Structure formats: structure tokens, C-alpha cells
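Undergrad: Quick one: the structure is below, and I'll ask about it shortly.
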Amino acid sequence: MRSILETAPDAIIVIDVKGYMLSFSASAERMFGYSEAEVVGENVSMLMPSPDRERHDGYLERYMRTGERRIIGIGRVLTARHRDGTTFPIELSVGEARIGDDRVFTGFIRDLTERQQAELRIHDLQSVLAHVQRVSEMGTLATSLAHELNQPLTAIANYVETARDLLQERPDEETLEIVREALSECASQSVRAGQIVRRLRDFISRGETEQRIESLQRLVTEASALALVGAGDQDLEVDVQLDPTADKVLVDRIQIQQVVLNLIRNAIEAMEESAVKRLMIYSEREAGGFIRLTVADSGPGLSEEVAERLFEPFRSTKATGMGLGLSISATIVSAHGGRIWADSSKLGGTAFHFTIVDADSEEAQA
Ligand code: ADP
């Protein structure tokens, strides 16, 4: 046991039923900045930011009383707190063991910001997601293509007009040199326009959806890690509560992850100015063979004007926003046979919900 603790790449922390730490692995020491001697006998809640910090005793107590598993054997993306007060995203899985009459809980913690392997995986995922982001909606794509093509075309028009004007009177050698430059610039801009069109064709040919049975847990864990790594927000509280009995969904994983990622990014961006930044992701079975996933935030909510045209492309209230995230998300969800909508969240801000096919339901099998 001791040697496992010393060499495991994940941090391993063993606690008793009251939450007091019994052991703290070498990688936990590196991850949290405490030595084992400092923390053994202390409450494990010291490694969590609020509100888990205050609530962890209650979580344990509830589990001991009801046996209802919310984290044990399930695994979650949560936020942890370093000795210096900074917080970082982690993936936590907890196992339970009996030693004689005693019970202990072992937490395996993966640092989602630091772990190289995770970063690599995230990097891979990110490039695929970036790709999907662009292919998902043909209409939106065509519009953004028009936008991109506009740049070289405008440039060409400008150069040609300039050349024409310069050639109106008898041009001297110096003027002719300028005209030559303008024309060769035209040539390279047309090449650029051609490349944009070719890229579109490649994108379209790779744009088909491939639906498989996937774990919603895995899908959400990866997408939220991705969103959090980019966020770098210190006081964001993330709570993921997925129904463990409704885990299998029939989806194109990368595309649905794109939706989850968009919703989380939007939520985080909406809460930039909020004093309390809470993000909840939860799932529930719905009638008709669907599972509903919700991403809720404690941000300012939606103004009526924004709410009316939420899923239309190029509607953004952000200085650098493209206004494409939600329209792409809506296209992906409807291509999966589900629906997407927003209302107000119990956290005070906005809640986005969407439904996907429950792979365990009778309807999905039919
Ligand atoms: P973008 O993020 O590029 O603006 P989106 O289509 O993802 O494009 O979002 C469109 C608009 O919807 C945003 O500019 C914002 O005004 C609003 N919005 C989206 N999500 C939220 C949210 N969670 N809370 C408040 N407003 C939101």
C-alpha cells in the first residue's frame, strides 16, 4: 500500500468516516502543497473551496445514513483548493473499503490543469472540437465562408481600382512598378480565396455524424475539463450531478461535447462580473426515451431581447463574440433528434437544457 501511494501519478488520499485524513500520498503533497505530516488527522474539507468545504461533513454524514451514492464509485469533475488558496479543476473518484469493523474512503485525484497526459488528451479533443465547430451547420458555415471570402475579394477590388486609376494618364516607370505590385497582390489574394473554398469542401466531406452508444458521464467529464482548463477562474464552483442510472446515450460524442463545451463556456463568460460564480451540470431521464442535460449558472440571466433570438446565428452581446455557439449547438441537438431551450436557473442565472436519446430506453431500441 505504501509503495503504491509513493509512486502513483494520481494523488491518493485516504479518509475515515468522519472525513479525517489517514494518509496522503507523495503526489497529493505535490498537488496540494502540504506535507503528509501536516494534514494527517485534519479534515479533508481543508482541500476544498467553499461551499464543499463547509458541506463535506454533511455529505459524508448523509452517505453513512442513507447509503445513497453521489460520488463513491462514480467519479466527478470538481474544484480543489491548494495550500496557497488557489483552486484548480480535478477529476475525483472515490472508493470505499472495509478494514475489520472500520470503513475508509480512498480518493483518487487527477489534476486536470497540470497533468500532462490529460493536457495532451484535451489538446487532441480540442482540435477535433474546433473542426466540428465549423462543420456542424451548413447554413452557418456558408455565411461565415461568405464573410471570409469577402476579405480577399474586397482586397482584389481595391487593387484593381487603384491600378486602373494609375493607368489613366501616361504612367511613368515608377507608377508602372506600383501597378505591377498591385496586380501581383491581386494574384495572391485570388489564390487565397481559392484555398478558402477548397477548405470548405474538405470540411463538408468530413462532416457526417456518427452516432454510437456513449457514456454521458465520460462525455461531460471531458467537455467540462476542457471548458475549465481554458477558464482559469479561481472562484468558480462547479457541481456535476449526473444520474448514474441514466448514463448511456446514443450520440456523436464529439459533437455533443461541443454543445456541452459551448454551454459551459457561455455560462462562465456570463458570470465574469458575478460575485457568486456557480455552475451546475445535471442530468435527468425524460419521458419519450430521452435524457435531459442541464447547464445552469448564477450569472445575470437573459434579457428578453437576447432570449427571443437566442439560437439565431451572429447574435452576440460580446465584444469578440461570433454569436455562433448556440446556433451550432441547436443544429447539433436537432440532428440528434433532441431539443434545446433555455429558462431561468435556480442558481439565479440562466439554465440551458437539451435532450438526447437514452440508449437504454425501449424507444431507442425499437
Ligand atoms: P457568443 O458566445 O459568441 O456570443 P452564442 O451563440 O454562444 O455566441 O451566444 C449568444 C448570446 O447569448 C451571447 O452573446 C449572450 O448574450 C447570450 N448567452 C448565452 N449563454 C448565456 C448565459 N449562460 N447567460 C447569459 N447570456 C447568455
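The chains in the C-alpha cells are called A, B, ... from first to last as shown; in each chain the residues are counted from 1, and the ligands are counted from 1 in the order shown.
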Counting only C-alpha atoms, what is within 10 Å of stretch 281-288 of chain A, bar same-chain residues fewer than 3 positions away, as a PDB file with N, CA, C and O atoms, in the first residue's frame?
TA:
ATOM      1  N   LEU A 216     -22.556   9.183 -20.847  1.00  0.00           N
ATOM      2  CA  LEU A 216     -22.791  10.612 -20.640  1.00  0.00           C
ATOM      3  C   LEU A 216     -21.790  11.167 -19.620  1.00  0.00           C
ATOM      4  O   LEU A 216     -21.294  12.284 -19.742  1.00  0.00           O
ATOM      5  N   GLN A 217     -21.507  10.337 -18.620  1.00  0.00           N
ATOM      6  CA  GLN A 217     -20.534  10.704 -17.588  1.00  0.00           C
ATOM      7  C   GLN A 217     -19.180  11.076 -18.215  1.00  0.00           C
ATOM      8  O   GLN A 217     -18.605  12.125 -17.955  1.00  0.00           O
ATOM      9  N   VAL A 220     -19.404  14.276 -20.430  1.00  0.00           N
ATOM     10  CA  VAL A 220     -19.495  15.534 -19.693  1.00  0.00           C
ATOM     11  C   VAL A 220     -18.181  15.821 -18.969  1.00  0.00           C
ATOM     12  O   VAL A 220     -17.709  16.962 -18.933  1.00  0.00           O
ATOM     13  N   SER A 224     -16.273  19.220 -19.683  1.00  0.00           N
ATOM     14  CA  SER A 224     -16.187  20.259 -18.656  1.00  0.00           C
ATOM     15  C   SER A 224     -14.735  20.509 -18.277  1.00  0.00           C
ATOM     16  O   SER A 224     -14.350  21.650 -18.008  1.00  0.00           O
ATOM     17  N   VAL A 238     -17.988  24.427  -9.306  1.00  0.00           N
ATOM     18  CA  VAL A 238     -18.597  23.564 -10.310  1.00  0.00           C
ATOM     19  C   VAL A 238     -19.193  22.344  -9.622  1.00  0.00           C
ATOM     20  O   VAL A 238     -18.550  21.724  -8.790  1.00  0.00           O
ATOM     21  N   ASP A 239     -20.422  22.043  -9.948  1.00  0.00           N
ATOM     22  CA  ASP A 239     -21.084  20.908  -9.337  1.00  0.00           C
ATOM     23  C   ASP A 239     -21.704  20.062 -10.448  1.00  0.00           C
ATOM     24  O   ASP A 239     -22.538  20.541 -11.193  1.00  0.00           O
ATOM     25  N   VAL A 240     -21.216  18.846 -10.568  1.00  0.00           N
ATOM     26  CA  VAL A 240     -21.733  17.966 -11.616  1.00  0.00           C
ATOM     27  C   VAL A 240     -22.539  16.851 -10.952  1.00  0.00           C
ATOM     28  O   VAL A 240     -22.025  16.136 -10.107  1.00  0.00           O
ATOM     29  N   GLN A 241     -23.819  16.753 -11.282  1.00  0.00           N
ATOM     30  CA  GLN A 241     -24.681  15.740 -10.663  1.00  0.00           C
ATOM     31  C   GLN A 241     -25.399  14.966 -11.751  1.00  0.00           C
ATOM     32  O   GLN A 241     -26.479  15.339 -12.172  1.00  0.00           O
ATOM     33  N   LEU A 242     -24.758  13.894 -12.207  1.00  0.00           N
ATOM     34  CA  LEU A 242     -25.378  13.132 -13.278  1.00  0.00           C
ATOM     35  C   LEU A 242     -26.076  11.912 -12.700  1.00  0.00           C
ATOM     36  O   LEU A 242     -25.544  11.266 -11.801  1.00  0.00           O
ATOM     37  N   ASP A 243     -27.244  11.634 -13.221  1.00  0.00           N
ATOM     38  CA  ASP A 243     -27.990  10.469 -12.768  1.00  0.00           C
ATOM     39  C   ASP A 243     -27.236   9.208 -13.214  1.00  0.00           C
ATOM     40  O   ASP A 243     -27.148   8.931 -14.408  1.00  0.00           O
ATOM     41  N   PRO A 244     -26.667   8.446 -12.252  1.00  0.00           N
ATOM     42  CA  PRO A 244     -25.841   7.302 -12.649  1.00  0.00           C
ATOM     43  C   PRO A 244     -26.660   6.197 -13.311  1.00  0.00           C
ATOM     44  O   PRO A 244     -26.114   5.351 -14.014  1.00  0.00           O
ATOM     45  N   THR A 245     -27.980   6.225 -13.145  1.00  0.00           N
ATOM     46  CA  THR A 245     -28.796   5.175 -13.756  1.00  0.00           C
ATOM     47  C   THR A 245     -29.200   5.538 -15.187  1.00  0.00           C
ATOM     48  O   THR A 245     -29.848   4.773 -15.872  1.00  0.00           O
ATOM     49  N   ALA A 246     -28.848   6.756 -15.602  1.00  0.00           N
ATOM     50  CA  ALA A 246     -29.199   7.177 -16.971  1.00  0.00           C
ATOM     51  C   ALA A 246     -27.929   7.641 -17.658  1.00  0.00           C
ATOM     52  O   ALA A 246     -27.737   8.817 -17.908  1.00  0.00           O
ATOM     53  N   ASP A 247     -27.041   6.696 -17.931  1.00  0.00           N
ATOM     54  CA  ASP A 247     -25.717   7.085 -18.413  1.00  0.00           C
ATOM     55  C   ASP A 247     -25.500   6.854 -19.903  1.00  0.00           C
ATOM     56  O   ASP A 247     -24.705   7.518 -20.534  1.00  0.00           O
ATOM     57  N   VAL A 260     -21.914  20.801 -25.050  1.00  0.00           N
ATOM     58  CA  VAL A 260     -21.677  20.974 -23.611  1.00  0.00           C
ATOM     59  C   VAL A 260     -20.617  22.044 -23.384  1.00  0.00           C
ATOM     60  O   VAL A 260     -20.760  22.936 -22.534  1.00  0.00           O
ATOM     61  N   ILE A 264     -21.041  25.534 -21.318  1.00  0.00           N
ATOM     62  CA  ILE A 264     -20.222  25.842 -20.136  1.00  0.00           C
ATOM     63  C   ILE A 264     -19.438  27.136 -20.348  1.00  0.00           C
ATOM     64  O   ILE A 264     -19.390  28.011 -19.489  1.00  0.00           O
ATOM     65  N   ILE A 291     -32.800  11.633 -22.411  1.00  0.00           N
ATOM     66  CA  ILE A 291     -32.143  12.111 -21.195  1.00  0.00           C
ATOM     67  C   ILE A 291     -31.926  13.602 -21.385  1.00  0.00           C
ATOM     68  O   ILE A 291     -31.545  14.043 -22.470  1.00  0.00           O
ATOM     69  N   ARG A 292     -32.211  14.349 -20.314  1.00  0.00           N
ATOM     70  CA  ARG A 292     -32.050  15.799 -20.396  1.00  0.00           C
ATOM     71  C   ARG A 292     -30.800  16.214 -19.635  1.00  0.00           C
ATOM     72  O   ARG A 292     -30.595  15.799 -18.502  1.00  0.00           O
ATOM     73  N   LEU A 293     -29.984  17.006 -20.278  1.00  0.00           N
ATOM     74  CA  LEU A 293     -28.799  17.533 -19.606  1.00  0.00           C
ATOM     75  C   LEU A 293     -28.986  19.036 -19.417  1.00  0.00           C
ATOM     76  O   LEU A 293     -29.447  19.718 -20.334  1.00  0.00           O
ATOM     77  N   THR A 294     -28.647  19.524 -18.247  1.00  0.00           N
ATOM     78  CA  THR A 294     -28.820  20.947 -17.961  1.00  0.00           C
ATOM     79  C   THR A 294     -27.505  21.564 -17.543  1.00  0.00           C
ATOM     80  O   THR A 294     -26.748  20.964 -16.776  1.00  0.00           O
ATOM     81  N   VAL A 295     -27.215  22.743 -18.071  1.00  0.00           N
ATOM     82  CA  VAL A 295     -26.061  23.531 -17.630  1.00  0.00           C
ATOM     83  C   VAL A 295     -26.627  24.831 -17.074  1.00  0.00           C
ATOM     84  O   VAL A 295     -27.211  25.619 -17.811  1.00  0.00           O
ATOM     85  N   ALA A 296     -26.502  25.004 -15.756  1.00  0.00           N
ATOM     86  CA  ALA A 296     -27.117  26.161 -15.110  1.00  0.00           C
ATOM     87  C   ALA A 296     -26.042  27.045 -14.499  1.00  0.00           C
ATOM     88  O   ALA A 296     -25.025  26.548 -14.008  1.00  0.00           O
ATOM     89  N   ASP A 297     -26.267  28.365 -14.516  1.00  0.00           N
ATOM     90  CA  ASP A 297     -25.276  29.276 -13.938  1.00  0.00           C
ATOM     91  C   ASP A 297     -25.934  30.286 -13.012  1.00  0.00           C
ATOM     92  O   ASP A 297     -27.151  30.410 -12.970  1.00  0.00           O
ATOM     93  N   ALA A 351     -30.437  28.740 -17.260  1.00  0.00           N
ATOM     94  CA  ALA A 351     -30.254  27.292 -17.379  1.00  0.00           C
ATOM     95  C   ALA A 351     -30.513  26.914 -18.822  1.00  0.00           C
ATOM     96  O   ALA A 351     -31.533  27.294 -19.392  1.00  0.00           O
ATOM     97  N   PHE A 352     -29.549  26.224 -19.420  1.00  0.00           N
ATOM     98  CA  PHE A 352     -29.751  25.681 -20.762  1.00  0.00           C
ATOM     99  C   PHE A 352     -30.005  24.188 -20.619  1.00  0.00           C
ATOM    100  O   PHE A 352     -29.290  23.507 -19.870  1.00  0.00           O
ATOM    101  N   HIS A 353     -31.033  23.704 -21.305  1.00  0.00           N
ATOM    102  CA  HIS A 353     -31.352  22.272 -21.273  1.00  0.00           C
ATOM    103  C   HIS A 353     -31.323  21.729 -22.690  1.00  0.00           C
ATOM    104  O   HIS A 353     -31.737  22.414 -23.617  1.00  0.00           O
ATOM    105  N   PHE A 354     -30.855  20.491 -22.838  1.00  0.00           N
ATOM    106  CA  PHE A 354     -31.079  19.842 -24.120  1.00  0.00           C
ATOM    107  C   PHE A 354     -31.304  18.355 -23.892  1.00  0.00           C
ATOM    108  O   PHE A 354     -30.930  17.808 -22.857  1.00  0.00           O
ATOM    109  N   THR A 355     -31.972  17.718 -24.856  1.00  0.00           N
ATOM    110  CA  THR A 355     -32.280  16.304 -24.690  1.00  0.00           C
ATOM    111  C   THR A 355     -31.553  15.491 -25.757  1.00  0.00           C
ATOM    112  O   THR A 355     -31.352  15.956 -26.871  1.00  0.00           O
ATOM    113  N   ILE A 356     -31.146  14.284 -25.340  1.00  0.00           N
ATOM    114  CA  ILE A 356     -30.526  13.344 -26.277  1.00  0.00           C
ATOM    115  C   ILE A 356     -31.124  11.965 -26.024  1.00  0.00           C
ATOM    116  O   ILE A 356     -31.712  11.721 -24.962  1.00  0.00           O
ATOM    117  N   VAL A 357     -30.945  11.085 -26.983  1.00  0.00           N
ATOM    118  CA  VAL A 357     -31.607   9.780 -26.912  1.00  0.00           C
ATOM    119  C   VAL A 357     -30.970   8.893 -25.838  1.00  0.00           C
ATOM    120  O   VAL A 357     -29.755   8.717 -25.796  1.00  0.00           O
ATOM    121  N   ASP A 358     -31.817   8.377 -24.971  1.00  0.00           N
ATOM    122  CA  ASP A 358     -31.432   7.454 -23.912  1.00  0.00           C
ATOM    123  C   ASP A 358     -31.243   6.071 -24.555  1.00  0.00           C
ATOM    124  O   ASP A 358     -32.202   5.468 -25.025  1.00  0.00           O
ATOM    125  N   SER A 361     -33.417   3.111 -23.382  1.00  0.00           N
ATOM    126  CA  SER A 361     -34.884   3.130 -23.404  1.00  0.00           C
ATOM    127  C   SER A 361     -35.430   2.202 -24.470  1.00  0.00           C
ATOM    128  O   SER A 361     -34.758   1.874 -25.447  1.00  0.00           O
ATOM    129  N   GLU A 362     -36.672   1.788 -24.292  1.00  0.00           N
ATOM    130  CA  GLU A 362     -37.345   0.916 -25.251  1.00  0.00           C
ATOM    131  C   GLU A 362     -37.412   1.567 -26.623  1.00  0.00           C
ATOM    132  O   GLU A 362     -37.145   0.971 -27.638  1.00  0.00           O
ATOM    133  N   GLU A 363     -37.720   2.881 -26.607  1.00  0.00           N
ATOM    134  CA  GLU A 363     -37.865   3.615 -27.865  1.00  0.00           C
ATOM    135  C   GLU A 363     -36.573   3.571 -28.683  1.00  0.00           C
ATOM    136  O   GLU A 363     -36.599   3.414 -29.885  1.00  0.00           O
ATOM    137  N   ALA A 364     -35.426   3.755 -27.966  1.00  0.00           N
ATOM    138  CA  ALA A 364     -34.153   3.800 -28.682  1.00  0.00           C
ATOM    139  C   ALA A 364     -33.847   2.435 -29.305  1.00  0.00           C
ATOM    140  O   ALA A 364     -33.214   2.352 -30.335  1.00  0.00           O
TER     141      ALA A 364
END
Undergrad: Around ligand 1, at most 7 Å away and counting only C-alpha atoms and all ligand atoms, which residues are there? Put them as a VMD selection string, please.
TA: chain A and resid 262 to 263 266 to 267 270 297 299 to 302 306 310 to 311 313 315 to 318 321 to 327 349 to 351
Undergrad: Just the residues within 8 Å of A:Ser45, please, counting only C-alpha atoms, with nothing from its chain fewer than 6 positions along; format it as JSON, numbers by chain.
TA: {"A": [19, 52, 53, 54, 56, 57]}
Undergrad: The selected residues should be written to file as a CSV table (one decimal), in the first residue's frame (atoms: C-alpha atoms).
TA:
chain,number,residue,atom,x,y,z
A,19,GLY,CA,-13.6,12.9,7.0
A,52,ASP,CA,-17.9,21.9,-0.4
A,53,ARG,CA,-15.6,22.9,2.4
A,54,GLU,CA,-18.5,23.6,4.7
A,56,HIS,CA,-18.4,17.9,3.2
A,57,ASP,CA,-19.1,16.7,6.7
Undergrad: May I ask for the distance between atom CA of A:Thr66 and atom CA of A:Val17, given in Å to one decimal place?
TA: 13.7 Å
